[in-house]
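Single-structure report; data block below.
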Amino acid sequence: MKAVTFHGRRDVRVDTVPDPAIQQPTDAIVRITSTAICGSDLHLYEVLAPFIAEGDILGHEPMGVVEAVGSAVTHIREGDRVVIPFNISCGSCWMCDRGLYSQCETTQVREQHKGAALFGYTKLYGEVPGGQAELLRVPQAHFGPIKVPEGPPDERFLYLSDVLPTSWQAVDYAAIPEGGSVAVFGLGPIGQMCARIAKHQGAQQVIGIDLVPERLTMARDHGIDTIEVTSRDGVADILREKTDGRGPDSVIDAVGMEAHGAPFGKLAHTLAGYLPDRIAAPLIEKGGIDRLSVLYTAIDAVRRGGTISLSGVYGGMVDPLPMMDLFDKQIQLRMGQANVKRYVDEILPLLTGDSDPLDVEGLATHRVPLDEAPHMYEVFQKKQDGAIKVVLKP
């Protein structure tokens with residue numbers, strides 16, 4: 001089969017690799033019909049190379065048609081159309097029983113001190129072959145795959161794999177009061193959906209912040225108030241002006257470790273990318289530092305007693321946080337990998353009706369064959385050609 005594989009920093013290729021096969025009774029094999037490039041994949045492309053082996057298959061946002069199932073898999077069968085959550089969970093351990101599927105104790109990567117295994121996402125999270133491929137072996141398929149109806153196009157359901165539940169959890173964690181206000185930093189796919197979901201759920205004031213014109217335009221087209229960032233100075237003041245001088249009730253950081261406006265963090269990322277893996281890996285794992293300009297601005301902007309929800313990925317171990325401000329402002333802070341299946345029952349009805357209230361079908365800006373993945377990684381990473389969301393078609 002063909003698959004998108006890692007070969008080094010800013011070097012992904014489409015290779016021919018062996019087809020996957022059933023290995024455990026709880027496995028399934030899915031023929032992928034659509035798969036997406038996630039902003040988190042760009043961390044692998046740019047920053048986290050020391051934790052990936054050459055030839056690893058990337059991707060964690062797939063859907064397709066079931067080709068085969070193991071003997072313990074009964075809720076799906078050959079021919080079913082399914083979406084595959086990005087985290088791999090058993091559905092029955094202590095953590096899963098509490099809806100914390102991203103912390104599944106069956107697939108938890110204990111040797112790396114991490115939570116549940118993820119598709120296509122480094123040695124830290126199990127080094128499980130990913131979904132940017134023609135075929136995917138799905139472990140824990142007795143629980144994970146989400147069966148979806150025939151008829152609507154893939155893009156009506158594809159984002160159940162990551163974007164929609166990640167955004168839904170971010171809004172949930174933001175604890176926006178009824179009729180309240182929320183600021184969303186970063187209007188990539190997650191930020192776009194956070195803003196739409198918050199508006200759909202009744203937030204009176206939703207403000208999106210970004211520096212990419214196409215992202216701002218997309219948000220405005222969906223009724224979101226926006227702030228264009230020319231420098232981070234002044235954003236918190238503008239947010240206070242828009243919210244009676246207090247700041248928004250809630251702030252969602254949908255940017256994460258690669259925020260613009262943090263030159264020291266960028267330099268650290270760049271230098272680590274050029275070090276040999278045996279040196280860079282422990283340096284990042286024990287002494288990693290993120291580009292925290294967005295988080296600092298979020299802490300400044302949120303009103304006293306408000307909530308900050310982090311959905312952007314952070315990986316630093318020595319990040320300096322303004323603890324005095326967090327304490328003094330009585331800020332609540334929530335974060336974590338999305339517990340995908342916890343939110344599926346709430347989201348799926350919005351996708352199966354005649355309408356498309358979140359305009360999920362309009363999120364993708366680029367739909368290309370799998371063979372074009374290397375070029376689209378570069379385009380997406382450089383924010384060229386108006387790229388906001390890239391869908392690959394194997």
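Every chain in the structure tokens takes a letter, A first, then B, and so on in the order presented; its residues are numbered from 1, and the ligands are numbered from 1 following the presented order.
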
List every residue of segment 161-198 of chain A that has an atom at most 9 Å from any atom of segment 379-388 of chain A, and for each one report the closest atom pair and its distance in Å to one decimal, counting only C-alpha atoms, with rows sorted by chain and then by increasing residue number, as JSON lines.
```
{"residue": "A:Leu187", "atom": "CA", "partner": "A:Ile388", "partner_atom": "CA", "distance": 8.6}
{"residue": "A:Gly188", "atom": "CA", "partner": "A:Ile388", "partner_atom": "CA", "distance": 5.9}
{"residue": "A:Pro189", "atom": "CA", "partner": "A:Ile388", "partner_atom": "CA", "distance": 6.4}
```

Find the residues around Glu61 of chain A up to 7 Å (only C-alpha atoms counted), leave out those fewer than 5 positions away in its own chain, and share them as a PyMOL selection string. chain A and resi 35-36+86+131+161-162

Please save N, CA and C atoms of the selected residues as a PDB file, in the first residue's frame.
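Saved to again_31.pdb:
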```pdb
ATOM      1  N   THR A  35      -8.416  11.169   4.844  1.00  0.00           N
ATOM      2  CA  THR A  35      -7.570  11.368   6.017  1.00  0.00           C
ATOM      3  C   THR A  35      -7.033  12.796   5.947  1.00  0.00           C
ATOM      4  N   ALA A  36      -6.763  13.396   7.073  1.00  0.00           N
ATOM      5  CA  ALA A  36      -6.414  14.820   7.082  1.00  0.00           C
ATOM      6  C   ALA A  36      -5.038  15.054   7.680  1.00  0.00           C
ATOM      7  N   PHE A  86      -8.508   9.495  17.156  1.00  0.00           N
ATOM      8  CA  PHE A  86      -7.050   9.554  17.138  1.00  0.00           C
ATOM      9  C   PHE A  86      -6.430   8.885  18.353  1.00  0.00           C
ATOM     10  N   GLY A 131      -2.751   6.941   9.959  1.00  0.00           N
ATOM     11  CA  GLY A 131      -3.843   6.814   9.009  1.00  0.00           C
ATOM     12  C   GLY A 131      -3.688   7.562   7.709  1.00  0.00           C
ATOM     13  N   SER A 161     -12.831  12.339  14.047  1.00  0.00           N
ATOM     14  CA  SER A 161     -11.595  11.671  14.461  1.00  0.00           C
ATOM     15  C   SER A 161     -10.791  12.511  15.434  1.00  0.00           C
ATOM     16  N   ASP A 162     -10.894  13.844  15.333  1.00  0.00           N
ATOM     17  CA  ASP A 162     -10.047  14.721  16.154  1.00  0.00           C
ATOM     18  C   ASP A 162     -10.631  16.118  16.276  1.00  0.00           C
TER      19      ASP A 162
END
```

What lies within 9 Å of segment 164-181 of chain A using only C-alpha atoms, ignoring chain neighbours under 5 positions off, as number ranges by chain? A: 159, 189-195, 197-198, 201-207, 243, 247-254, 306-311, 332-344, 347, 360

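In this model, the gap between atom CA of Asp41 of chain A and atom CA of Pro129 of chain A comes to 13.5 Å.
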
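Relative to atom CA of Arg77 of chain A, atom CA of Trp94 of chain A is found at 27.1 Å.
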
Which parts of segment 136-375 of chain A does DSSP call alpha helix (DSSP H) when run on the backbone here, written out as an mmCIF file with C-alpha atoms, in the first residue's frame?
```
data_model
loop_
_atom_site.group_PDB
_atom_site.id
_atom_site.type_symbol
_atom_site.label_atom_id
_atom_site.label_comp_id
_atom_site.auth_asym_id
_atom_site.auth_seq_id
_atom_site.Cartn_x
_atom_site.Cartn_y
_atom_site.Cartn_z
ATOM 1 C CA VAL A 163 -11.100 18.258 15.198
ATOM 2 C CA LEU A 164 -14.689 18.195 16.437
ATOM 3 C CA PRO A 165 -14.212 16.371 19.769
ATOM 4 C CA THR A 166 -11.039 18.348 20.482
ATOM 5 C CA SER A 167 -12.921 21.586 19.864
ATOM 6 C CA TRP A 168 -15.993 20.397 21.788
ATOM 7 C CA GLN A 169 -13.857 19.501 24.801
ATOM 8 C CA ALA A 170 -12.028 22.841 24.584
ATOM 9 C CA VAL A 171 -15.353 24.675 24.759
ATOM 10 C CA ASP A 172 -16.563 22.381 27.542
ATOM 11 C CA TYR A 173 -13.388 22.984 29.534
ATOM 12 C CA ALA A 174 -13.664 26.743 28.922
ATOM 13 C CA PRO A 189 -9.160 24.136 12.203
ATOM 14 C CA ILE A 190 -9.515 23.686 15.971
ATOM 15 C CA GLY A 191 -9.957 27.404 16.625
ATOM 16 C CA GLN A 192 -12.508 27.737 13.814
ATOM 17 C CA MET A 193 -14.574 24.912 15.265
ATOM 18 C CA CYS A 194 -14.179 26.142 18.850
ATOM 19 C CA ALA A 195 -15.607 29.490 17.789
ATOM 20 C CA ARG A 196 -18.498 27.902 15.879
ATOM 21 C CA ILE A 197 -19.321 25.470 18.681
ATOM 22 C CA ALA A 198 -19.246 28.217 21.330
ATOM 23 C CA LYS A 199 -21.593 30.323 19.200
ATOM 24 C CA HIS A 200 -23.846 27.318 18.531
ATOM 25 C CA PRO A 213 -5.935 36.905 6.716
ATOM 26 C CA GLU A 214 -7.631 33.786 5.294
ATOM 27 C CA ARG A 215 -8.317 32.424 8.754
ATOM 28 C CA LEU A 216 -9.788 35.729 9.912
ATOM 29 C CA THR A 217 -11.994 35.869 6.819
ATOM 30 C CA MET A 218 -13.296 32.334 7.392
ATOM 31 C CA ALA A 219 -14.170 33.176 11.002
ATOM 32 C CA ARG A 220 -15.938 36.399 10.031
ATOM 33 C CA ASP A 221 -17.902 34.498 7.380
ATOM 34 C CA VAL A 235 -4.486 42.237 22.127
ATOM 35 C CA ALA A 236 -5.384 41.896 25.797
ATOM 36 C CA ASP A 237 -6.319 45.599 25.906
ATOM 37 C CA ILE A 238 -8.549 45.209 22.832
ATOM 38 C CA LEU A 239 -10.258 42.210 24.425
ATOM 39 C CA ARG A 240 -10.906 44.203 27.593
ATOM 40 C CA GLU A 241 -12.368 47.049 25.530
ATOM 41 C CA LYS A 242 -14.758 44.569 23.912
ATOM 42 C CA PRO A 263 11.753 34.346 19.388
ATOM 43 C CA PHE A 264 13.643 32.510 22.130
ATOM 44 C CA GLY A 265 11.289 29.536 21.960
ATOM 45 C CA LYS A 266 11.526 29.468 18.171
ATOM 46 C CA LEU A 267 15.302 29.517 18.343
ATOM 47 C CA ALA A 268 15.264 26.614 20.809
ATOM 48 C CA HIS A 269 12.949 24.623 18.522
ATOM 49 C CA THR A 270 15.096 25.329 15.480
ATOM 50 C CA LEU A 271 18.375 24.401 17.159
ATOM 51 C CA ALA A 272 16.917 21.197 18.613
ATOM 52 C CA GLY A 273 15.786 20.203 15.131
ATOM 53 C CA TYR A 274 19.382 20.201 13.908
ATOM 54 C CA ASP A 277 18.356 12.529 17.795
ATOM 55 C CA ARG A 278 20.273 10.928 20.668
ATOM 56 C CA ILE A 279 21.064 14.431 21.982
ATOM 57 C CA ALA A 280 17.890 16.275 20.984
ATOM 58 C CA ALA A 281 15.402 13.739 22.403
ATOM 59 C CA PRO A 282 16.486 13.919 26.075
ATOM 60 C CA LEU A 283 17.027 17.679 25.757
ATOM 61 C CA ILE A 284 13.446 18.229 24.564
ATOM 62 C CA GLU A 285 11.970 15.667 26.980
ATOM 63 C CA LYS A 286 13.684 17.045 30.100
ATOM 64 C CA GLY A 287 14.413 20.660 29.195
ATOM 65 C CA SER A 293 3.390 34.213 23.863
ATOM 66 C CA VAL A 294 -0.258 33.205 23.318
ATOM 67 C CA LEU A 295 -0.606 31.625 26.751
ATOM 68 C CA TYR A 296 0.883 34.708 28.405
ATOM 69 C CA THR A 297 -1.595 36.903 26.524
ATOM 70 C CA ALA A 298 -4.460 34.606 27.487
ATOM 71 C CA ILE A 299 -3.507 34.915 31.161
ATOM 72 C CA ASP A 300 -3.362 38.697 30.793
ATOM 73 C CA ALA A 301 -6.664 38.938 28.916
ATOM 74 C CA MET A 323 2.145 31.879 38.788
ATOM 75 C CA MET A 324 1.526 35.130 40.646
ATOM 76 C CA ASP A 325 -0.894 36.302 37.946
ATOM 77 C CA LEU A 326 -2.619 32.913 37.751
ATOM 78 C CA PHE A 327 -3.113 32.898 41.508
ATOM 79 C CA ASP A 328 -3.961 36.582 41.933
ATOM 80 C CA VAL A 344 -19.528 11.652 20.012
ATOM 81 C CA ASP A 345 -23.151 11.253 21.161
ATOM 82 C CA GLU A 346 -23.467 15.049 21.492
ATOM 83 C CA ILE A 347 -21.786 15.848 18.172
ATOM 84 C CA LEU A 348 -23.165 13.166 15.851
ATOM 85 C CA PRO A 349 -26.744 14.541 15.715
ATOM 86 C CA LEU A 350 -25.328 17.805 14.314
ATOM 87 C CA LEU A 351 -23.775 15.841 11.453
ATOM 88 C CA THR A 352 -26.573 13.474 10.486
ATOM 89 C CA ALA A 373 0.942 14.949 0.858
ATOM 90 C CA PRO A 374 4.637 16.006 0.948
ATOM 91 C CA HIS A 375 3.861 19.223 -0.919
#
```

Hey, what's within 7 Å of Pro369 of chain A if we count only C-alpha atoms and toss same-chain stuff fewer than 5 positions away? As a PDB file with C-alpha atoms, in the first residue's frame, please?
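Written output follows (selection.pdb):
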```
ATOM      1  CA  LEU A 392      -5.956  13.677   1.598  1.00  0.00           C
ATOM      2  CA  LYS A 393      -7.718  11.124  -0.591  1.00  0.00           C
ATOM      3  CA  PRO A 394      -5.872   7.755  -0.756  1.00  0.00           C
TER       4      PRO A 394
END
```

Name the residues of segment 2-189 of chain A that come out as strand (DSSP E or B) in a backbone DSSP run; write them as a PyMOL selection string. chain A and resi 2-6+12-16+28-37+57+62-69+81-83+87+118-119+128+133+135-138+146-147+181-185

Compile the contact shell of Thr5 of chain A as a ChimeraX atom specification: residues with an atom at most 8 Å away, counting only C-alpha atoms, same-chain residues fewer than 2 positions apart removed. /A:3,7,12-15,54-58

For Val391 of chain A, please output as an MDAnalysis selection string all residues within 8 Å (counting only C-alpha atoms; exclusion window: fewer than 6 positions along the same chain). chainID A and resid 34:37 364 366:368

Using only C-alpha atoms, which protein or nucleic acid residues come within 7 Å of Lys114 of chain A? Drop anything in the same chain fewer than 5 positions from it, and give the result as a PDB file with C-alpha atoms, in the first residue's frame.
```pdb
ATOM      1  CA  GLN A 108      -1.198   3.858  28.173  1.00  0.00           C
ATOM      2  CA  VAL A 109       2.453   4.247  27.104  1.00  0.00           C
ATOM      3  CA  LEU A 124       6.182   8.885  23.074  1.00  0.00           C
ATOM      4  CA  TYR A 125       2.663   7.736  22.217  1.00  0.00           C
TER       5      TYR A 125
END
```

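Nearest residue to Arg137 of chain A among A:Val255, A:Ile29, A:Val184, A:Leu370 is A:Ile29, counting only C-alpha atoms.
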
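Atom CA of Leu358 of chain A to atom CA of Ser40 of chain A spans 21.8 Å [interatomic distance, one decimal].
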
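Distances to Ser71 of chain A were evaluated for A:Glu150, A:Asp244, A:Asp97, A:Asp27 using only C-alpha atoms, and the minimum falls at A:Asp27.
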